[in-house]
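Novice: Below: one structure in C-alpha cells.
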Amino acid sequence: MNPLPERHVAVLRELRKLWPEDRLLVIGAAAVACQIGLTWRGTVDLDLSIATGLAGYAGKLQGLGWRRERGASQRWTTRKGDPVDVIPGAPALVRRGALSWPEGGVAMSLVGFRLAYADSVPVALSPRTKARVASLRSLVVLKMAAYLDRPWERETDLGDMAHMLSRFLPDEAAERWSDGVVGLGLDYEDVGPFLLGEQIGGLVDRAERRLVRRFLEALHDPDDRLATLARMSLMAPPGWRAPERLGHRWLAFRRGFESGPPARPKEGSPRRTRAGACRVRGRPGNMRKLRTTVEGQ
C-alpha cells in the first residue's frame, strides 16, 4: 500500500480526538493515491467524509483551531495551514442522497457515499492511526457524481477516472484468463474496464445505478455540449488519448455494468495491484454498523 503523506496522517490523528476511526473515511485523490499512486497529477489534498451529522460538526473542527474557507463550505484549513475537504456522511444524510449546507452553500449530492462507506476497509496509516479508505470501485462512482454535479469545475475527476479504469486490473491478475472472461472475446485492454463495471454493477443501489447510467450516457452522447469524452481523453493514460479508443474502453465498462451481478468477492480480502497498492474489497455491513452508532447524532 502506498502510504499517505505524513501531513495527512497528522490530520487524521488529530480528528481521532473527536471521532472514532471507523467514522473517518478517506475519499478523493488521497484514496486513489493510497491504492494505485497518482503520478499523472501533482500535489494531493486530503478529502474526507466523517460519519456524523451537520449539527455541531463545524464547532468541533473549529475547536481544533481549524478555519472554514469562505464560499466553500466543505473546505477547511488546519492550524498548520493544510487544506482538508470534510463532508458529513451520517447515515441519515446518505440515505437522503444530498445535503444542504446550513451556511447557505450550494447543495451537494451524496449519491455514492453509501457505497463508499460499505465498500471500504480499515487501513493502518501509522502504529497509532487507522482510518477507512474507500475502494477504487466506490471512488469511480463518487467521481462520476462529483463531475455531474459541477462538470466545468471537476475536470480532474475525468482524468482520474480514465487512469483508474486503466489500472484497476493488474497485468498478472488471474481474472484476465478466467473461462468466463476468455469466453467473452474481449480485447486485452477491455478486460479491466469490463470487470470494473461488472463489480460496480453488482454493488450499487438504485440511485447509484441511475447515476452511473447518466454519466455513461453523457460520455457517449454525440451531442454532449460538455465534450465529456474528448476532455477526458486529453488527460487519459498514454495509448488511450484518442477519444475513439477511450470510448471503446468505457463501452467495455458499460457492458460489464449491465451484465448483471458478478460473483461476490471474499469480503475484506486485499488484492495486490501492479503498483504495490492494496485494493480493498468491500464490507457491505459497514454502513449497518455505522448506522447503529451514528443515527440521530
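Lettering and numbering for the C-alpha cells are positional, with chains as A, B, ... in the shown order, residues counted from 1 in each chain, and ligands counted from 1 in the shown order.
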Identify, on the basis of only C-alpha atoms, every residue whose closest approach to region 135-151 of chain A does not exceed 6 Å; exclude the query and any residue fewer than 6 positions from it along the same chain; express the result as a count of residues only.
Specialist: 7
Novice: Region 29-276 of chain A: which residues are alpha helix (DSSP H) by DSSP, as a ChimeraX atom specification?
Specialist: /A:29-36,57-63,91-96,113-118,136-149,155-167,179-182,188-201,206-219,228-234,243-257
Novice: Need to verify the contact set: Val111 (chain A), 8 Å, only C-alpha atoms, exclusion of same-chain residues closer than 3 positions in sequence. Can you return it as a VMD selection string?
Specialist: chain A and resid 94 97 to 98 114 142 145 207 to 208 211
Novice: Got time to write the residues from that selection, C-alpha atoms, as a PDB file, in the first residue's frame?
Specialist:
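After the write, selection36.pdb holds the following:
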```pdb
ATOM      1  CA  VAL A  94     -26.527   9.427   2.983  1.00  0.00           C
ATOM      2  CA  GLY A  97     -28.814  11.420  -1.052  1.00  0.00           C
ATOM      3  CA  ALA A  98     -27.877  15.077  -0.582  1.00  0.00           C
ATOM      4  CA  ARG A 114     -23.432   4.666   0.771  1.00  0.00           C
ATOM      5  CA  LEU A 142     -18.093   9.267  -6.342  1.00  0.00           C
ATOM      6  CA  ALA A 145     -21.296  12.108  -9.077  1.00  0.00           C
ATOM      7  CA  ALA A 207     -29.842   5.690  -7.070  1.00  0.00           C
ATOM      8  CA  GLU A 208     -26.206   4.831  -7.735  1.00  0.00           C
ATOM      9  CA  LEU A 211     -26.129   7.973 -11.625  1.00  0.00           C
TER      10      LEU A 211
END
```
Novice: Hey, which of A:Lys80, A:Arg209, A:Lys130, A:Arg214 ends up closest to Arg13 (chain A)? Count only C-alpha atoms.
Specialist: A:Lys130
Novice: From the set A:Arg206, A:Thr43, A:Val106, A:Ser49, which residue has the shortest atom-to-atom contact distance to Ala72 (chain A), counting only C-alpha atoms?
Specialist: A:Val106
Novice: Give the strand (DSSP E or B) residues of region 7-141 of chain A, as DSSP finds them on the backbone, and put them as a ChimeraX atom specification.
Specialist: /A:24-27,46-50,67-68,75-77,83-88,98-99,108-109,120-126,129-134
Novice: Could you check the closest approach to Trp250 (chain A) for each of A:Val32, A:Ala134, A:Leu165, A:Leu234 and tell me which residue wins, using only C-alpha atoms?
Specialist: A:Leu165
Novice: Which value, in Å to one decimal, gives the distance between CA of Arg79 (chain A) and CA of Arg67 (chain A)?
Specialist: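 Computing the Euclidean distance for CA of Arg79 (chain A) and CA of Arg67 (chain A) yields 8.0 Å.
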Novice: Mind checking which residues fall within 10 Å of Leu38 (chain A), counting only C-alpha atoms, ignoring those fewer than 4 positions away in the same chain, and posting them as a PyMOL selection string?
Specialist: chain A and resi 29-34+42-44+160+163-164
Novice: The selected residues should be written to file as a CSV table (one decimal), in the first residue's frame (atoms: C-alpha atoms).
Specialist:
```
chain,number,residue,atom,x,y,z
A,29,ALA,CA,-7.4,11.7,-4.7
A,30,ALA,CA,-5.8,10.7,-1.4
A,31,ALA,CA,-7.7,7.4,-1.5
A,32,VAL,CA,-6.7,6.8,-5.1
A,33,ALA,CA,-3.1,7.6,-4.3
A,34,CYS,CA,-3.1,5.0,-1.5
A,42,GLY,CA,0.6,16.9,-8.7
A,43,THR,CA,0.0,17.6,-5.1
A,44,VAL,CA,-2.8,15.7,-3.4
A,160,ASP,CA,-8.7,10.3,-12.5
A,163,HIS,CA,-6.4,6.2,-15.1
A,164,MET,CA,-8.5,4.2,-12.6
```
Novice: Enumerate, in order of chain and increasing residue number, the residues of region 226-246 of chain A with an atom no farther than 12 Å from region 188-191 of chain A, each with its shortest atom pair and distance in Å to one decimal, counting only C-alpha atoms, as JSON lines.
Specialist:
```
{"residue": "A:Gly239", "atom": "CA", "partner": "A:Glu189", "partner_atom": "CA", "distance": 10.4}
{"residue": "A:Trp240", "atom": "CA", "partner": "A:Glu189", "partner_atom": "CA", "distance": 9.8}
{"residue": "A:Arg245", "atom": "CA", "partner": "A:Glu189", "partner_atom": "CA", "distance": 10.1}
{"residue": "A:Leu246", "atom": "CA", "partner": "A:Asp190", "partner_atom": "CA", "distance": 10.1}
```
Novice: Could you write out that same residue set with C-alpha atoms as an mmCIF file, in the first residue's frame?
Specialist:
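Below is the file that was written, again19.cif:
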```
data_model
loop_
_atom_site.group_PDB
_atom_site.id
_atom_site.type_symbol
_atom_site.label_atom_id
_atom_site.label_comp_id
_atom_site.auth_asym_id
_atom_site.auth_seq_id
_atom_site.Cartn_x
_atom_site.Cartn_y
_atom_site.Cartn_z
ATOM 1 C CA GLY A 239 -2.281 4.987 -25.609
ATOM 2 C CA TRP A 240 -5.843 5.865 -24.565
ATOM 3 C CA ARG A 245 -10.030 4.340 -28.239
ATOM 4 C CA LEU A 246 -11.006 5.635 -24.804
#
```
Novice: Applying 8 Å and only C-alpha atoms, which residues near Pro83 (chain A) remain after dropping the ones on its own chain fewer than 6 positions away? List them as a PyMOL selection string.
Specialist: chain A and resi 45-46+75-77
